[in-house]
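Have a look at start_33.txt; it's compact mmCIF, C-alpha atoms:
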```txt
# COMPACT_ATOMS: atom_id res chain seq x y z
CA MET A 1 115.08 171.87 -130.62
CA ALA A 2 116.20 169.44 -128.00
CA ASP A 3 113.69 167.54 -125.97
CA TYR A 4 114.08 167.41 -122.20
CA PRO A 5 111.61 164.81 -120.97
CA ASP A 6 112.48 165.22 -117.32
CA TRP A 7 114.25 168.51 -116.92
CA THR A 8 114.42 170.71 -113.92
CA ARG A 9 116.65 173.65 -113.36
CA LEU A 10 116.38 175.38 -110.07
CA PHE A 11 117.27 179.00 -109.77
CA GLN A 12 117.80 179.46 -106.11
CA LEU A 13 119.45 182.73 -105.40
CA ALA A 14 120.30 184.14 -102.03
CA GLY A 15 122.07 187.41 -101.77
CA THR A 16 121.83 190.99 -100.74
CA GLU A 17 121.44 192.42 -104.18
CA ILE A 18 120.45 190.28 -107.14
CA THR A 19 119.73 191.62 -110.53
CA ILE A 20 118.66 189.50 -113.45
CA PRO A 21 118.56 191.75 -116.45
CA ILE A 22 116.81 190.66 -119.59
CA ASN A 23 117.48 193.14 -122.30
CA ILE A 24 116.21 192.39 -125.74
CA GLU A 25 116.75 194.75 -128.57
CA THR A 26 115.48 193.48 -131.82
CA SER A 27 112.95 194.20 -134.47
CA ASP A 28 110.88 191.17 -133.61
CA VAL A 29 110.78 189.36 -130.30
CA THR A 30 108.54 186.55 -129.18
CA ILE A 31 108.61 185.12 -125.70
CA PRO A 32 106.02 182.37 -125.61
CA ILE A 33 104.95 181.03 -122.27
CA SER A 34 102.79 178.01 -122.80
CA ILE A 35 101.46 176.11 -119.85
CA VAL A 36 99.40 173.02 -120.52
CA ALA A 37 98.47 171.24 -117.36
CA ALA A 38 95.49 169.91 -115.49
CA THR A 39 96.33 172.34 -112.75
CA ALA A 40 98.54 175.33 -113.33
CA THR A 41 99.52 177.66 -110.56
CA VAL A 42 101.61 180.66 -111.31
CA ASP A 43 102.48 182.56 -108.18
CA VAL A 44 104.12 185.92 -108.21
CA ASN A 45 104.95 186.98 -104.70
CA LEU A 46 106.31 190.39 -104.06
CA ALA A 47 107.42 191.46 -100.64
CA ALA A 48 108.89 194.89 -100.87
CA GLN A 49 108.49 198.26 -99.33
CA VAL A 50 108.12 199.65 -102.80
CA ALA A 51 106.95 197.53 -105.70
CA ASN A 52 106.44 199.05 -109.09
CA ILE A 53 104.65 196.85 -111.57
CA THR A 54 104.21 198.38 -114.95
CA PHE A 55 102.20 196.86 -117.73
CA GLU A 56 102.38 198.81 -120.91
CA PHE A 57 100.11 197.68 -123.66
CA ALA A 58 100.63 199.21 -127.04
CA ASP A 59 98.95 196.61 -129.17
CA GLN A 60 95.34 197.14 -130.12
CA SER A 61 94.66 193.43 -129.76
CA VAL A 62 95.32 193.56 -126.05
CA ALA A 63 92.26 193.67 -123.85
CA VAL A 64 92.27 194.04 -120.11
CA PHE A 65 89.02 193.15 -118.37
CA ASP A 66 87.95 194.13 -114.91
CA ALA A 67 86.30 191.37 -112.93
CA ALA A 68 82.70 192.05 -113.94
CA LYS A 69 83.52 192.22 -117.64
CA TRP A 70 85.76 189.19 -117.47
CA PHE A 71 83.04 187.08 -115.90
CA ALA A 72 80.63 188.27 -118.58
CA HIS A 73 83.22 187.30 -121.18
CA GLU A 74 83.28 183.87 -119.58
CA ALA A 75 79.45 183.73 -119.61
CA ALA A 76 79.29 183.74 -115.82
CA GLN A 77 77.22 186.89 -115.48
CA PHE A 78 73.64 186.82 -114.26
CA PHE A 79 70.74 189.21 -114.57
CA VAL A 80 67.57 188.55 -112.61
CA THR A 81 64.46 190.63 -113.15
CA GLY A 82 60.89 190.28 -112.02
CA SER A 83 57.62 192.07 -111.60
CA ASP A 84 54.67 192.11 -109.27
CA ASP A 85 51.71 194.23 -108.27
CA VAL A 86 52.39 196.22 -105.13
CA GLY A 87 49.45 197.29 -103.02
CA ASP A 88 49.14 200.79 -101.63
CA ASN A 89 51.13 201.25 -98.42
CA SER A 90 52.51 197.78 -98.91
CA THR A 91 55.50 195.81 -100.21
CA ALA A 92 55.96 192.88 -102.57
CA VAL A 93 58.79 190.70 -103.78
CA LEU A 94 59.79 191.38 -107.38
CA ALA A 95 62.67 189.02 -108.14
CA THR A 96 64.55 186.30 -106.29
CA ARG A 97 67.39 183.93 -106.90
CA ALA A 98 68.92 181.11 -104.91
CA VAL A 99 72.67 181.15 -105.49
CA PRO A 100 73.39 177.94 -107.43
CA GLY A 101 75.54 175.15 -106.09
CA ASN A 102 79.33 175.46 -106.05
CA ARG A 103 79.16 179.16 -106.70
CA VAL A 104 79.87 182.40 -104.95
CA SER A 105 77.68 185.15 -106.28
CA TYR A 106 78.86 188.73 -106.51
CA ILE A 107 75.96 191.15 -106.83
CA ALA A 108 77.07 194.24 -108.69
CA GLY A 109 73.91 196.30 -108.74
CA TYR A 110 70.18 196.48 -108.32
CA GLY A 111 67.26 198.60 -109.40
CA PHE A 112 63.49 198.82 -109.36
CA GLY A 113 60.75 201.10 -110.58
CA LEU A 114 57.07 201.72 -111.04
CA ILE A 115 56.01 200.76 -114.57
CA GLU A 116 52.54 202.27 -114.56
CA ALA A 117 51.22 205.82 -114.55
CA ALA A 118 50.75 206.57 -110.88
CA THR A 119 52.01 209.14 -108.42
CA PRO A 120 52.81 207.55 -105.08
CA ASN A 121 54.22 209.77 -102.37
CA ALA A 122 57.18 207.46 -101.89
CA VAL A 123 58.54 204.18 -103.21
CA HIS A 124 61.26 202.12 -101.59
CA GLY A 125 63.35 199.23 -102.82
CA TYR A 126 65.13 196.65 -100.71
CA LEU A 127 67.84 194.23 -101.70
CA TYR A 128 68.08 191.32 -99.32
CA ILE A 129 70.17 188.22 -98.80
CA ASP A 130 68.28 185.50 -96.95
CA GLU A 131 66.26 187.45 -94.40
CA ALA A 132 68.61 190.41 -94.08
CA VAL A 133 67.96 193.66 -95.94
CA ILE A 134 71.31 194.85 -97.24
CA ILE A 135 70.48 197.87 -99.37
CA THR A 136 67.54 200.28 -99.22
CA SER A 137 66.82 203.10 -101.61
CA GLY A 138 63.84 205.19 -102.52
CA SER A 139 62.33 208.03 -104.48
CA HIS A 140 58.97 208.84 -106.07
CA ARG A 141 59.30 206.35 -108.96
CA GLY A 142 62.19 203.96 -108.36
CA SER A 143 65.93 203.86 -108.20
CA GLY A 144 68.98 201.83 -109.02
CA PHE A 145 72.58 201.48 -107.94
CA ILE A 146 75.81 200.03 -109.18
CA PHE A 147 77.78 198.83 -106.18
CA ASP A 148 81.34 199.95 -105.88
CA THR A 149 81.93 196.91 -103.70
CA PRO A 150 79.91 193.89 -104.86
CA LEU A 151 77.75 192.07 -102.35
CA ARG A 152 78.75 188.46 -101.78
CA ALA A 153 76.32 185.58 -101.42
CA THR A 154 77.10 181.89 -101.19
CA ALA A 155 75.44 178.77 -102.54
CA GLY A 156 71.91 178.31 -101.27
CA GLN A 157 71.41 181.86 -100.07
CA VAL A 158 68.37 183.57 -101.54
CA VAL A 159 68.91 187.05 -102.94
CA GLY A 160 65.91 189.17 -103.76
CA VAL A 161 64.40 192.57 -104.35
CA TRP A 162 61.31 193.96 -102.70
CA ALA A 163 59.48 197.10 -103.62
CA GLY A 164 57.13 199.14 -101.49
CA GLN A 165 54.94 202.11 -102.24
CA TRP A 166 53.02 204.60 -100.14
CA GLY A 167 50.25 206.98 -101.04
CA SER A 168 49.57 205.74 -104.55
CA GLY A 169 45.90 205.11 -103.96
CA GLY A 170 45.95 201.61 -105.43
CA ALA A 171 47.95 198.58 -106.50
CA PHE A 172 50.45 199.15 -109.30
CA ARG A 173 52.96 197.09 -111.21
CA TYR A 174 56.63 197.35 -110.34
CA ARG A 175 59.64 195.76 -112.00
CA GLY A 176 63.05 195.30 -110.49
CA GLY A 177 66.05 193.08 -110.29
CA PHE A 178 69.73 192.70 -109.62
CA TRP A 179 72.79 191.56 -111.50
CA GLY A 180 76.34 190.39 -111.02
CA TYR A 181 78.52 187.40 -111.67
CA ASP A 182 79.15 183.94 -110.29
CA GLU A 183 82.49 182.48 -109.39
CA VAL A 184 82.71 178.69 -109.43
CA VAL A 185 84.21 177.26 -106.26
CA GLU A 186 85.17 173.66 -105.70
CA MET B 1 60.42 164.20 -106.23
CA PRO B 2 63.25 164.46 -108.78
CA LEU B 3 64.11 167.84 -110.15
CA THR B 4 62.83 168.79 -113.57
CA PRO B 5 65.38 169.85 -116.22
CA GLY B 6 64.44 173.45 -115.56
CA GLN B 7 64.96 173.10 -111.82
CA ARG B 8 68.33 171.46 -112.41
CA ARG B 9 69.26 174.50 -114.44
CA LEU B 10 68.06 176.85 -111.69
CA TYR B 11 70.04 175.15 -108.96
CA GLY B 12 73.00 174.22 -111.14
CA GLY B 13 73.54 177.75 -112.37
CA GLY B 14 73.48 177.00 -116.08
CA TYR B 15 71.94 180.28 -117.13
CA ASN B 16 72.79 183.95 -117.43
CA TYR B 17 69.36 185.53 -117.51
CA MET B 18 66.30 184.92 -115.39
CA ALA B 19 63.02 186.80 -115.81
CA GLN B 20 60.19 186.32 -113.34
CA ALA B 21 56.57 187.36 -113.23
CA ARG B 22 54.76 186.99 -109.91
CA GLN B 23 51.25 185.63 -110.18
CA PRO B 24 48.30 186.64 -107.98
CA ASP B 25 48.39 183.29 -106.15
CA GLY B 26 52.06 183.74 -105.23
CA SER B 27 53.41 181.37 -107.86
CA VAL B 28 56.04 182.60 -110.30
CA VAL B 29 56.48 182.22 -114.04
CA ILE B 30 60.20 182.03 -114.83
CA ILE B 31 62.22 182.08 -118.02
CA VAL B 32 65.91 181.17 -117.84
CA THR B 33 68.21 181.56 -120.83
CA GLY B 34 71.89 181.82 -121.59
CA GLY B 35 74.74 179.75 -120.28
CA LYS B 36 75.95 176.67 -122.11
CA LEU B 37 72.51 175.45 -123.13
CA PRO B 38 71.18 177.04 -126.32
CA ILE B 39 67.61 176.37 -125.25
CA GLY B 40 65.62 178.28 -122.68
CA HIS B 41 63.32 176.97 -119.99
CA LEU B 42 59.95 178.43 -119.12
CA MET B 43 58.53 177.27 -115.80
CA HIS B 44 55.52 177.99 -113.67
CA VAL B 45 56.61 177.31 -110.11
CA ARG B 46 54.74 177.28 -106.84
CA ASP B 47 56.64 178.08 -103.63
CA LEU B 48 59.78 179.09 -105.51
CA TRP B 49 62.91 178.34 -103.41
CA GLY B 50 60.60 177.08 -100.68
CA GLU B 51 60.39 173.73 -98.93
CA HIS B 52 57.43 172.66 -101.03
CA GLU B 53 58.60 174.02 -104.35
CA GLU B 54 56.62 172.48 -107.19
CA VAL B 55 56.89 172.93 -110.94
CA LEU B 56 53.35 173.26 -112.26
CA TYR B 57 54.36 173.59 -115.90
CA GLU B 58 57.58 173.49 -117.85
CA GLU B 59 58.39 174.15 -121.46
CA VAL B 60 61.58 174.18 -123.49
CA LEU B 61 62.14 177.32 -125.54
CA PRO B 62 63.81 176.54 -128.87
CA PRO B 63 67.34 177.78 -129.50
CA GLY B 64 68.40 180.39 -131.97
CA PRO B 65 66.64 183.27 -133.60
CA PRO B 66 63.11 183.07 -135.06
CA PRO B 67 62.97 181.34 -138.47
CA TRP B 68 62.44 184.56 -140.40
CA ILE B 69 65.55 186.15 -138.88
CA GLN B 70 67.47 182.91 -139.42
CA ASP B 71 66.48 183.03 -143.08
CA ARG B 72 67.76 186.56 -143.40
CA LEU B 73 71.03 185.70 -141.64
CA GLU B 74 71.60 182.84 -144.05
CA GLU B 75 70.74 184.98 -147.05
CA ALA B 76 73.19 187.58 -145.82
CA GLY B 77 75.81 184.85 -145.49
CA ARG B 78 76.34 185.38 -141.81
CA GLY B 79 74.67 182.44 -140.18
CA PRO B 80 75.48 181.81 -136.53
```
For this file, write the structure as structure tokens.
Amino acid sequence: MADYPDWTRLFQLAGTEITIPINIETSDVTIPISIVAATATVDVNLAAQVANITFEFADQSVAVFDAAKWFAHEAAQFFVTGSDDVGDNSTAVLATRAVPGNRVSYIAGYGFGLIEAATPNAVHGYLYIDEAVIITSGSHRGSGFIFDTPLRATAGQVVGVWAGQWGSGGAFRYRGGFWGYDEVVE
Amino acid sequence: MPLTPGQRRLYGGGYNYMAQARQPDGSVVIIVTGGKLPIGHLMHVRDLWGEHEEVLYEEVLPPGPPPWIQDRLEEAGRGP
């Protein structure tokens, strides 16, 4: 195969109706796209009233990850759990995390619960970012949620979970936490 | 005061899992694992994330499974 050390071919097409058909009928086709670069940017820009993009995967080796699973695949997921004794008619912090440097943290869920035999009238959990309570939930024992839209926290912000209980008659141990994934930003 | 290796891991993000246990005096015992480092860090921290954060104790947790499980993995021919 020929070597083109400094080769550029510009396809610049201007027209009212351009069609570039690529029809391949064969028993075996391979279209390798190999990009080796310090920085690779592949932009696909579609501006159309109707855009149909169809990906059909018929090979069992193909895997498509949603964001949360992809970040776990890349070992960028985090799970933070913690425990504390919560007094009657009181609250306590269970787990906290400062978002590490150069990261944006996407919190995908949280949960908490009473881990002792007790029967409080009500327990509440609070997920907060810095000083702001973002999510509140409650029941008689605990609760948990997976967020349809992840919460976003930036480097240096402290994310945490409180728990509170009422009418238990004493201090009891609670455990709770939150989870998600970090995106590295430069 | 320079950061300890465990604190560098906390603030650098080189972990996937963090477990905390609040102590009666408000300090926190933390274990961080996962990420690129095979080892874990156990820390006892006062004023966690606070202005006067102080690591009272720090210990490195060895990597890999316990020796008896490692022995069985090797005997089964499926070492990590």
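Reported to one decimal place, the separation of atom CA of B:Gly77 from atom CA of A:Gln60 is 27.7 Å.
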Between chain A and chain B, at 10 Å or less, what are the per-residue closest atom pairs and their distances in Å? Count all atoms listed in the file, order by chain and rising residue number, and return it as CSV.
```
residue,atom,partner,partner_atom,distance
A:Ala72,CA,B:Asn16,CA,9.0
A:Glu74,CA,B:Gly35,CA,9.5
A:Ala75,CA,B:Gly35,CA,6.2
A:Ala76,CA,B:Asn16,CA,6.7
A:Gln77,CA,B:Asn16,CA,5.7
A:Phe78,CA,B:Asn16,CA,4.4
A:Phe79,CA,B:Tyr17,CA,4.9
A:Val80,CA,B:Met18,CA,4.7
A:Thr81,CA,B:Ala19,CA,4.9
A:Gly82,CA,B:Gln20,CA,4.2
A:Ser83,CA,B:Ala21,CA,5.1
A:Asp84,CA,B:Arg22,CA,5.2
A:Asp85,CA,B:Arg22,CA,8.0
A:Ala92,CA,B:Arg22,CA,9.5
A:Val93,CA,B:Arg22,CA,8.2
A:Leu94,CA,B:Arg22,CA,7.1
A:Ala95,CA,B:Gln20,CA,6.4
A:Thr96,CA,B:Gln20,CA,8.3
A:Arg97,CA,B:Trp49,CA,8.0
A:Ala98,CA,B:Trp49,CA,6.8
A:Val99,CA,B:Tyr11,CA,7.4
A:Pro100,CA,B:Tyr11,CA,4.6
A:Gly101,CA,B:Gly12,CA,5.7
A:Asn102,CA,B:Gly12,CA,8.2
A:Arg103,CA,B:Gly13,CA,8.1
A:Ala155,CA,B:Tyr11,CA,9.1
A:Gly156,CA,B:Tyr11,CA,8.5
A:Gln157,CA,B:Trp49,CA,9.8
A:Val158,CA,B:Trp49,CA,7.8
A:Arg175,CA,B:Ala21,CA,9.0
A:Gly176,CA,B:Gln20,CA,9.8
A:Gly177,CA,B:Ala19,CA,8.9
A:Trp179,CA,B:Tyr17,CA,9.2
A:Gly180,CA,B:Asn16,CA,9.8
A:Tyr181,CA,B:Asn16,CA,8.8
A:Asp182,CA,B:Gly13,CA,8.6
A:Val184,CA,B:Gly13,CA,9.7
```
Selected residues written out, C-alpha atoms, as a PDB file, in the frame of the given file:
```pdb
ATOM      1  CA  ALA A  72      80.630 188.270-118.580  1.00  0.00           C
ATOM      2  CA  GLU A  74      83.280 183.870-119.580  1.00  0.00           C
ATOM      3  CA  ALA A  75      79.450 183.730-119.610  1.00  0.00           C
ATOM      4  CA  ALA A  76      79.290 183.740-115.820  1.00  0.00           C
ATOM      5  CA  GLN A  77      77.220 186.890-115.480  1.00  0.00           C
ATOM      6  CA  PHE A  78      73.640 186.820-114.260  1.00  0.00           C
ATOM      7  CA  PHE A  79      70.740 189.210-114.570  1.00  0.00           C
ATOM      8  CA  VAL A  80      67.570 188.550-112.610  1.00  0.00           C
ATOM      9  CA  THR A  81      64.460 190.630-113.150  1.00  0.00           C
ATOM     10  CA  GLY A  82      60.890 190.280-112.020  1.00  0.00           C
ATOM     11  CA  SER A  83      57.620 192.070-111.600  1.00  0.00           C
ATOM     12  CA  ASP A  84      54.670 192.110-109.270  1.00  0.00           C
ATOM     13  CA  ASP A  85      51.710 194.230-108.270  1.00  0.00           C
ATOM     14  CA  ALA A  92      55.960 192.880-102.570  1.00  0.00           C
ATOM     15  CA  VAL A  93      58.790 190.700-103.780  1.00  0.00           C
ATOM     16  CA  LEU A  94      59.790 191.380-107.380  1.00  0.00           C
ATOM     17  CA  ALA A  95      62.670 189.020-108.140  1.00  0.00           C
ATOM     18  CA  THR A  96      64.550 186.300-106.290  1.00  0.00           C
ATOM     19  CA  ARG A  97      67.390 183.930-106.900  1.00  0.00           C
ATOM     20  CA  ALA A  98      68.920 181.110-104.910  1.00  0.00           C
ATOM     21  CA  VAL A  99      72.670 181.150-105.490  1.00  0.00           C
ATOM     22  CA  PRO A 100      73.390 177.940-107.430  1.00  0.00           C
ATOM     23  CA  GLY A 101      75.540 175.150-106.090  1.00  0.00           C
ATOM     24  CA  ASN A 102      79.330 175.460-106.050  1.00  0.00           C
ATOM     25  CA  ARG A 103      79.160 179.160-106.700  1.00  0.00           C
ATOM     26  CA  ALA A 155      75.440 178.770-102.540  1.00  0.00           C
ATOM     27  CA  GLY A 156      71.910 178.310-101.270  1.00  0.00           C
ATOM     28  CA  GLN A 157      71.410 181.860-100.070  1.00  0.00           C
ATOM     29  CA  VAL A 158      68.370 183.570-101.540  1.00  0.00           C
ATOM     30  CA  ARG A 175      59.640 195.760-112.000  1.00  0.00           C
ATOM     31  CA  GLY A 176      63.050 195.300-110.490  1.00  0.00           C
ATOM     32  CA  GLY A 177      66.050 193.080-110.290  1.00  0.00           C
ATOM     33  CA  TRP A 179      72.790 191.560-111.500  1.00  0.00           C
ATOM     34  CA  GLY A 180      76.340 190.390-111.020  1.00  0.00           C
ATOM     35  CA  TYR A 181      78.520 187.400-111.670  1.00  0.00           C
ATOM     36  CA  ASP A 182      79.150 183.940-110.290  1.00  0.00           C
ATOM     37  CA  VAL A 184      82.710 178.690-109.430  1.00  0.00           C
TER      38      VAL A 184
END
```
Requested in this report: Could you please give me, as a VMD selection string, the residues of protein, DNA or RNA lying at most 12 Å from (51.1, 202.7, -98.4) in the coordinate frame of the file, considering all atoms listed in the file?
Outcome: chain A and resid 86 to 92 119 to 124 163 to 172
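Atom to atom, atom CA of A:Gly138 and atom CA of A:Phe112 stand 9.4 Å apart.
For the pair atom CA of A:Pro150 and atom CA of A:Gly109, the separation is 7.5 Å.
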Report task. Mind checking which residues fall within 10 Å of A:Thr149, counting only C-alpha atoms, ignoring those fewer than 6 positions away in the same chain, and posting them as a list of chain:residue names? Result ->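 Contacts, with the query itself left out: A:Tyr106, A:Ile107, A:Ala108, A:Gly109.
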Given 4 Å of margin on each side, can you work out the centre and size in Å (one decimal) of an axis-aligned box holding every listed atom of stretch 70-77 of chain B, as lines of an AutoDock Vina configuration file?
```
center_x = 71.1
center_y = 185.2
center_z = -143.2
size_x = 17.3
size_y = 12.7
size_z = 15.6
```
**Report entry** Counting all atoms listed in the file, the residue of A:Tyr174, A:Ala117, A:Pro5, A:Asp130 that sits nearest A:Ser143
**Finding:**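 Among the listed residues, A:Tyr174 lies closest to A:Ser143.
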